file start27.tsv (TSV, C-alpha atoms)
chain	number	residue	atom	x	y	z
B	1	MET	CA	-34.06	-6.99	19.17
B	2	ILE	CA	-30.84	-5.46	17.98
B	3	VAL	CA	-28.25	-7.83	16.60
B	4	ARG	CA	-24.80	-6.37	16.39
B	5	PRO	CA	-21.88	-8.37	15.03
B	6	ALA	CA	-19.21	-9.02	17.64
B	7	PRO	CA	-16.00	-7.04	17.11
B	8	LEU	CA	-13.16	-8.92	15.49
B	9	SER	CA	-9.83	-8.90	17.32
B	10	LEU	CA	-6.59	-10.03	15.74
B	11	SER	CA	-3.04	-9.94	17.08
B	12	ILE	CA	0.23	-10.49	15.29
B	13	ALA	CA	3.90	-10.43	16.17
B	14	SER	CA	5.61	-7.24	14.97
B	15	LYS	CA	7.06	-8.89	11.85
B	16	MET	CA	6.46	-7.75	8.30
B	17	ALA	CA	5.85	-11.37	7.29
B	18	CYS	CA	2.76	-11.41	9.53
B	19	VAL	CA	1.14	-8.35	7.96
B	20	GLY	CA	-0.07	-10.07	4.77
B	21	PRO	CA	-2.04	-12.82	6.54
B	22	LEU	CA	-3.52	-10.19	8.88
B	23	GLY	CA	-4.54	-8.06	5.91
B	24	ARG	CA	-6.26	-11.02	4.27
B	25	GLU	CA	-8.25	-11.66	7.49
B	26	VAL	CA	-9.30	-8.02	7.66
B	27	ARG	CA	-10.46	-8.03	4.05
B	28	ALA	CA	-12.44	-11.26	4.52
B	29	ALA	CA	-14.08	-9.85	7.66
B	30	CYS	CA	-15.07	-6.69	5.78
B	31	VAL	CA	-16.62	-8.74	3.00
B	32	ASP	CA	-18.48	-10.84	5.59
B	33	LEU	CA	-19.84	-7.59	7.03
B	34	GLY	CA	-21.35	-6.84	3.64
B	35	LEU	CA	-18.82	-4.31	2.35
B	36	THR	CA	-17.93	-4.33	-1.33
B	37	GLU	CA	-14.63	-5.82	-2.52
B	38	ARG	CA	-13.40	-2.32	-3.32
B	39	VAL	CA	-14.14	-0.91	0.13
B	40	ALA	CA	-12.82	-4.07	1.80
B	41	GLY	CA	-9.59	-3.68	-0.19
B	42	GLU	CA	-9.22	-0.04	0.85
B	43	ILE	CA	-9.74	-0.93	4.50
B	44	GLU	CA	-7.20	-3.75	4.15
B	45	LEU	CA	-4.65	-1.33	2.68
B	46	SER	CA	-5.28	1.21	5.45
B	47	VAL	CA	-4.75	-1.46	8.11
B	48	VAL	CA	-1.61	-2.74	6.37
B	49	GLU	CA	-0.16	0.79	6.26
B	50	ALA	CA	-1.00	1.38	9.94
B	51	VAL	CA	0.54	-1.95	10.98
B	52	ASN	CA	3.65	-1.36	8.83
B	53	ASN	CA	4.09	1.97	10.62
B	54	ALA	CA	3.66	0.35	14.03
B	55	ILE	CA	6.36	-2.21	13.19
B	56	GLU	CA	8.76	0.20	11.52
B	57	HIS	CA	8.38	3.28	13.71
B	58	ALA	CA	6.81	2.26	17.05
B	59	TYR	CA	8.82	-0.98	17.37
B	60	GLN	CA	11.76	0.17	15.22
B	61	LEU	CA	11.59	-3.21	13.43
B	62	ALA	CA	12.06	-5.17	16.69
B	63	GLU	CA	10.16	-8.41	16.10
B	64	ASP	CA	9.18	-9.18	19.69
B	65	GLY	CA	6.29	-6.72	19.89
B	66	VAL	CA	2.59	-7.28	19.36
B	67	VAL	CA	0.25	-5.37	17.08
B	68	GLU	CA	-3.47	-5.70	17.72
B	69	VAL	CA	-6.23	-4.91	15.26
B	70	ARG	CA	-9.84	-4.57	16.27
B	71	LEU	CA	-12.61	-4.24	13.72
B	72	GLU	CA	-16.12	-3.27	14.66
B	73	ARG	CA	-19.17	-2.46	12.60
B	74	ARG	CA	-21.19	0.42	14.05
B	75	ARG	CA	-24.51	1.65	12.73
B	76	SER	CA	-23.13	4.04	10.10
B	77	HIS	CA	-19.45	3.24	9.98
B	78	LEU	CA	-16.77	0.65	10.37
B	79	ARG	CA	-14.32	1.36	13.15
B	80	VAL	CA	-10.81	-0.09	13.09
B	81	GLU	CA	-8.27	0.24	15.87
B	82	VAL	CA	-4.60	-0.59	15.41
B	83	ALA	CA	-2.69	-0.74	18.69
B	84	ASP	CA	0.93	-1.32	19.68
B	85	ARG	CA	3.11	-0.90	22.76
B	86	GLY	CA	6.06	0.72	21.03
B	87	ARG	CA	7.29	4.30	20.86
B	88	ARG	CA	4.59	6.90	20.74
B	89	LEU	CA	3.69	8.76	17.58
B	90	PRO	CA	5.34	12.21	17.64
B	91	ALA	CA	2.88	14.89	18.79
B	92	GLY	CA	0.95	16.37	15.89
B	93	ALA	CA	2.14	13.74	13.41
B	94	LEU	CA	-1.35	13.18	12.01
B	95	SER	CA	-1.99	16.88	11.50
B	96	ARG	CA	1.30	17.21	9.63
B	97	VAL	CA	0.42	14.55	7.08
B	98	ARG	CA	0.91	15.93	3.58
B	99	PRO	CA	0.63	14.44	0.11
B	100	PRO	CA	3.90	13.10	-1.29
B	101	VAL	CA	5.85	15.69	-3.27
B	102	VAL	CA	5.90	14.22	-6.76
B	103	ASP	CA	7.74	16.08	-9.46
B	104	GLY	CA	8.40	13.92	-12.48
B	105	ARG	CA	11.24	16.23	-13.57
B	106	ASP	CA	13.21	15.51	-10.41
B	107	ARG	CA	13.20	11.72	-10.26
B	108	ALA	CA	16.01	11.50	-7.70
B	109	ALA	CA	13.85	13.35	-5.16
B	110	LEU	CA	10.77	11.12	-5.54
B	111	PRO	CA	9.68	9.64	-2.20
B	112	GLU	CA	10.21	5.90	-1.68
B	113	GLY	CA	8.53	5.90	1.73
B	114	GLY	CA	6.78	8.04	4.29
B	115	MET	CA	3.48	7.75	2.41
B	116	GLY	CA	1.62	5.34	4.69
B	117	LEU	CA	-0.18	7.81	6.95
B	118	PHE	CA	-1.14	9.94	3.97
B	119	ILE	CA	-2.64	6.92	2.20
B	120	LEU	CA	-4.72	5.82	5.14
B	121	THR	CA	-6.00	9.33	5.84
B	122	GLN	CA	-7.15	9.46	2.21
B	123	LEU	CA	-8.89	6.09	2.29
B	124	MET	CA	-10.59	6.55	5.65
B	125	ASP	CA	-13.15	9.18	6.65
B	126	ALA	CA	-11.69	9.88	10.08
B	127	VAL	CA	-8.35	9.00	11.66
B	128	ARG	CA	-7.20	9.84	15.15
B	129	TYR	CA	-4.46	8.78	17.51
B	130	GLN	CA	-4.64	8.12	21.23
B	131	ARG	CA	-2.08	7.09	23.79
B	132	ARG	CA	-4.03	4.80	26.08
B	133	ALA	CA	-2.62	2.77	29.01
B	134	GLY	CA	0.86	2.54	27.50
B	135	LYS	CA	-0.48	1.74	24.05
B	136	ASN	CA	-0.53	3.67	20.83
B	137	VAL	CA	-3.99	3.39	19.34
B	138	LEU	CA	-4.77	4.55	15.83
B	139	ILE	CA	-8.53	4.78	15.34
B	140	MET	CA	-9.78	4.76	11.77
B	141	GLU	CA	-13.37	5.09	10.67
B	142	ARG	CA	-14.96	4.49	7.31
B	143	ARG	CA	-18.56	5.46	6.63
B	144	ILE	CA	-20.85	2.73	5.48
B	145	ASP	CA	-23.92	3.80	3.59
B	146	GLY	CA	-26.16	1.05	2.35
B	147	GLY	CA	-23.53	-1.63	2.65
B	148	GLY	CA	-20.35	0.25	1.88
B	149	ARG	CA	-19.93	1.40	-1.65
M	1	MET	CA	9.36	-13.07	-4.87
M	2	ARG	CA	8.42	-14.44	-8.28
M	3	ILE	CA	9.13	-12.33	-11.34
M	4	SER	CA	9.47	-13.77	-14.82
M	5	GLU	CA	11.44	-12.13	-17.54
M	6	GLU	CA	10.63	-11.99	-21.20
M	7	ARG	CA	12.00	-10.02	-24.13
M	8	ALA	CA	10.06	-8.75	-27.11
M	9	ASP	CA	11.49	-6.41	-29.74
M	10	GLY	CA	13.92	-4.63	-27.47
M	11	VAL	CA	11.53	-4.39	-24.52
M	12	LEU	CA	12.11	-6.26	-21.28
M	13	VAL	CA	8.78	-7.41	-19.83
M	14	LEU	CA	8.91	-8.25	-16.13
M	15	ARG	CA	5.84	-10.16	-15.03
M	16	VAL	CA	5.26	-10.01	-11.30
M	17	GLY	CA	3.98	-13.38	-10.10
M	18	GLU	CA	2.78	-12.36	-6.64
M	19	SER	CA	-0.72	-11.23	-5.75
M	20	ARG	CA	0.63	-9.14	-2.88
M	21	ILE	CA	3.43	-6.58	-3.00
M	22	ASP	CA	3.95	-5.50	0.58
M	23	ALA	CA	6.66	-4.85	3.14
M	24	ALA	CA	7.51	-8.55	3.37
M	25	CYS	CA	8.70	-8.64	-0.23
M	26	ALA	CA	9.31	-4.98	-1.13
M	27	PRO	CA	13.09	-5.04	-0.44
M	28	ALA	CA	13.55	-8.09	-2.70
M	29	PHE	CA	11.25	-6.54	-5.31
M	30	ARG	CA	13.28	-3.31	-5.29
M	31	ASP	CA	16.60	-5.11	-5.61
M	32	MET	CA	15.40	-7.36	-8.42
M	33	LEU	CA	13.96	-4.46	-10.42
M	34	ALA	CA	17.05	-2.31	-9.89
M	35	ALA	CA	19.34	-5.14	-10.98
M	36	TRP	CA	17.41	-5.72	-14.19
M	37	ILE	CA	16.95	-2.09	-15.07
M	38	GLY	CA	20.38	-0.85	-14.01
M	39	ARG	CA	22.21	-3.67	-15.74
M	40	GLN	CA	20.64	-3.14	-19.10
M	41	ALA	CA	19.46	0.49	-19.30
M	42	THR	CA	16.67	-0.95	-21.28
M	43	ARG	CA	13.05	-0.31	-22.08
M	44	VAL	CA	11.02	-1.99	-19.39
M	45	VAL	CA	7.40	-2.97	-18.88
M	46	ILE	CA	6.41	-4.09	-15.39
M	47	ASP	CA	3.32	-6.27	-15.60
M	48	LEU	CA	1.26	-6.05	-12.42
M	49	SER	CA	-1.83	-7.82	-13.70
M	50	VAL	CA	-1.83	-10.54	-11.03
M	51	VAL	CA	-1.23	-8.07	-8.18
M	52	THR	CA	-4.38	-7.55	-6.12
M	53	ILE	CA	-2.87	-5.43	-3.36
M	54	MET	CA	0.19	-3.22	-3.22
M	55	ASP	CA	1.13	-1.09	-0.23
M	56	SER	CA	3.33	1.99	-0.03
M	57	THR	CA	6.48	-0.08	0.43
M	58	GLY	CA	5.76	-1.92	-2.83
M	59	LEU	CA	5.15	1.39	-4.54
M	60	GLY	CA	8.43	2.66	-3.06
M	61	ALA	CA	10.24	-0.26	-4.71
M	62	LEU	CA	8.83	0.79	-8.09
M	63	VAL	CA	9.87	4.38	-7.44
M	64	ALA	CA	13.40	3.20	-6.65
M	65	ALA	CA	13.40	1.27	-9.94
M	66	VAL	CA	12.35	4.25	-12.01
M	67	LYS	CA	15.24	6.24	-10.50
M	68	VAL	CA	17.69	3.68	-11.89
M	69	ALA	CA	16.29	3.90	-15.42
M	70	ASP	CA	17.79	6.28	-17.96
M	71	SER	CA	14.42	7.98	-18.29
M	72	ALA	CA	11.00	7.59	-16.71
M	73	ARG	CA	9.70	7.37	-20.29
M	74	LEU	CA	11.50	4.04	-20.70
M	75	VAL	CA	9.57	2.35	-17.90
M	76	ALA	CA	5.87	1.55	-18.02
M	77	VAL	CA	3.44	-0.29	-15.80
M	78	ALA	CA	0.86	-2.63	-17.31
M	79	GLY	CA	-2.29	-4.26	-16.00
M	80	ALA	CA	-2.74	-2.40	-12.73
M	81	SER	CA	-5.96	-3.47	-11.01
M	82	ASN	CA	-8.35	-0.79	-9.79
M	83	ALA	CA	-6.93	-1.10	-6.28
M	84	VAL	CA	-3.35	-0.70	-7.49
M	85	ALA	CA	-4.30	2.18	-9.78
M	86	THR	CA	-5.97	3.91	-6.81
M	87	LEU	CA	-2.70	3.75	-4.89
M	88	PHE	CA	-0.81	5.38	-7.79
M	89	LYS	CA	-3.46	8.11	-8.06
M	90	LEU	CA	-3.64	8.86	-4.35
M	91	THR	CA	0.12	9.28	-4.12
M	92	ARG	CA	0.27	11.11	-7.48
M	93	MET	CA	2.70	8.50	-8.78
M	94	ASP	CA	0.43	8.20	-11.82
M	95	LYS	CA	2.22	11.39	-12.91
M	96	VAL	CA	5.56	9.57	-12.83
M	97	PHE	CA	4.69	6.16	-14.25
M	98	GLN	CA	3.18	5.59	-17.64
M	99	MET	CA	0.34	3.16	-17.02
M	100	PHE	CA	-1.44	0.99	-19.56
M	101	PRO	CA	-4.14	-1.68	-19.41
M	102	THR	CA	-2.09	-4.23	-21.35
M	103	VAL	CA	1.53	-5.25	-21.80
M	104	ALA	CA	1.23	-4.69	-25.57
M	105	GLU	CA	0.20	-1.04	-25.12
M	106	ALA	CA	2.89	-0.46	-22.49
M	107	ALA	CA	5.54	-2.03	-24.73
M	108	ALA	CA	4.47	0.16	-27.66
M	109	ALA	CA	4.82	3.25	-25.45
M	110	VAL	CA	8.32	2.50	-24.19
M	111	ARG	CA	9.48	1.73	-27.74
M	112	GLN	CA	8.53	5.25	-28.83
M	113	PRO	CA	11.03	7.64	-27.16
M	114	ALA	CA	14.55	7.90	-28.43
call {"tool": "encode", "arguments": {"input": "start27.tsv", "output": "structure tokens"}}
result
Amino acid sequence: MIVRPAPLSLSIASKMACVGPLGREVRAACVDLGLTERVAGEIELSVVEAVNNAIEHAYQLAEDGVVEVRLERRRSHLRVEVADRGRRLPAGALSRVRPPVVDGRDRAALPEGGMGLFILTQLMDAVRYQRRAGKNVLIMERRIDGGGR
Amino acid sequence: MRISEERADGVLVLRVGESRIDAACAPAFRDMLAAWIGRQATRVVIDLSVVTIMDSTGLGALVAAVKVADSARLVAVAGASNAVATLFKLTRMDKVFQMFPTVAEAAAAVRQPA
């Protein structure tokens, strides 16, 4: 008999104040799935960055939208979907993700934002974007070997 | 947003009292840091030892603060957890911020430069 944990689905209003509680739920769920605190923290941060982007860019900070997060453990990886019904991600945005330009000699030019997608692509093993039935869906996968080191 | 302020031998130590620095508090965090640092052009240690998660908006607030300082050498971060240190490394901000395990080490470093 194969026992597979049911996927976890969470929805929040598109308000920054709701992102923290959502992140805590995601982290707790990852720990319950047997992932280490470190990996659970990295998945939490990736989800937080994705949800921040949905609120800021897809919903343009309008607080009457909904952001859904779905977490599912597969055999060899954890799959996380972050979905919203706001503006679509510009075509090719994920392939244009670059590391922040950090030059300590030019402090005025240091980036104060625009780092979220870069961070989550670094923390996750695979990230892709789909437009599905009027929704933006960001799909993030993190390999789990022997419990997620 | 809880931050406590403490002075020791010409160094302003700002102890962040929140476990989470995210988009909900980043604007307040940025404004508070900028007010302290801009007002006094002082040597500053930002103690993050109780922070368990920081996102890119929280990091952006720290970047804004370091822009207000007279020199990046006068600002140091102390007590970053592994998760917070990972964020600095990933974004290469560990090249901008001096980072130390303890407030004492960070304070010693910001006292050094002229």
call {"tool": "interface_residues", "arguments": {"input": "start27.tsv", "of": "chain B", "to": "chain M", "cutoff": "7 Å", "atoms": "only C-alpha atoms", "output": "number ranges by chain"}}
result
B: 16-17, 45, 49, 99-100, 102, 104, 107-108, 112-113, 115-116, 119
call {"tool": "residues_around", "arguments": {"input": "start27.tsv", "residues": "M:Ile46", "least_positions_apart": "6", "cutoff": "7 Å", "atoms": "all atoms listed in the file", "output": "count of residues only"}}
result
6
call {"tool": "atom_distance", "arguments": {"input": "start27.tsv", "atom1": "atom CA of B:Asp84", "atom2": "atom CA of B:Cys18"}}
result
14.4 Å
call {"tool": "atom_distance", "arguments": {"input": "start27.tsv", "atom1": "atom CA of B:Gln122", "atom2": "atom CA of B:Val101"}}
result
15.4 Å
call {"tool": "closest_residue", "arguments": {"input": "start27.tsv", "among": "B:Ser76, B:Asn53, B:Ser9, B:Ser14", "to": "B:Ile144", "atoms": "only C-alpha atoms"}}
result
B:Ser76
call {"tool": "closest_residue", "arguments": {"input": "start27.tsv", "among": "B:Leu22, B:Ala40, B:Leu78, B:Ala83", "to": "B:Ala58", "atoms": "only C-alpha atoms"}}
result
B:Ala83
call {"tool": "atom_distance", "arguments": {"input": "start27.tsv", "atom1": "atom CA of B:Leu33", "atom2": "atom CA of B:Thr121"}}
result
21.9 Å
call {"tool": "residues_near_point", "arguments": {"input": "start27.tsv", "point": "(-11.0, -13.6, 10.0)", "cutoff": "12 Å", "atoms": "only C-alpha atoms", "output": "JSON, numbers by chain"}}
result
{"B": [7, 8, 9, 10, 11, 21, 22, 23, 24, 25, 26, 27, 28, 29, 30, 31, 32, 33, 69, 70, 71]}
call {"tool": "closest_residue", "arguments": {"input": "start27.tsv", "among": "B:Ala54, B:Met124, B:Val47, B:Ala109", "to": "B:His77", "atoms": "all atoms listed in the file"}}
result
B:Met124
call {"tool": "residues_around", "arguments": {"input": "start27.tsv", "residues": "M:Val103", "least_positions_apart": "5", "cutoff": "12 Å", "atoms": "all atoms listed in the file", "output": "ChimeraX atom specification"}}
result
/M:6-8,11-15,44-49,75-80,98,108-110
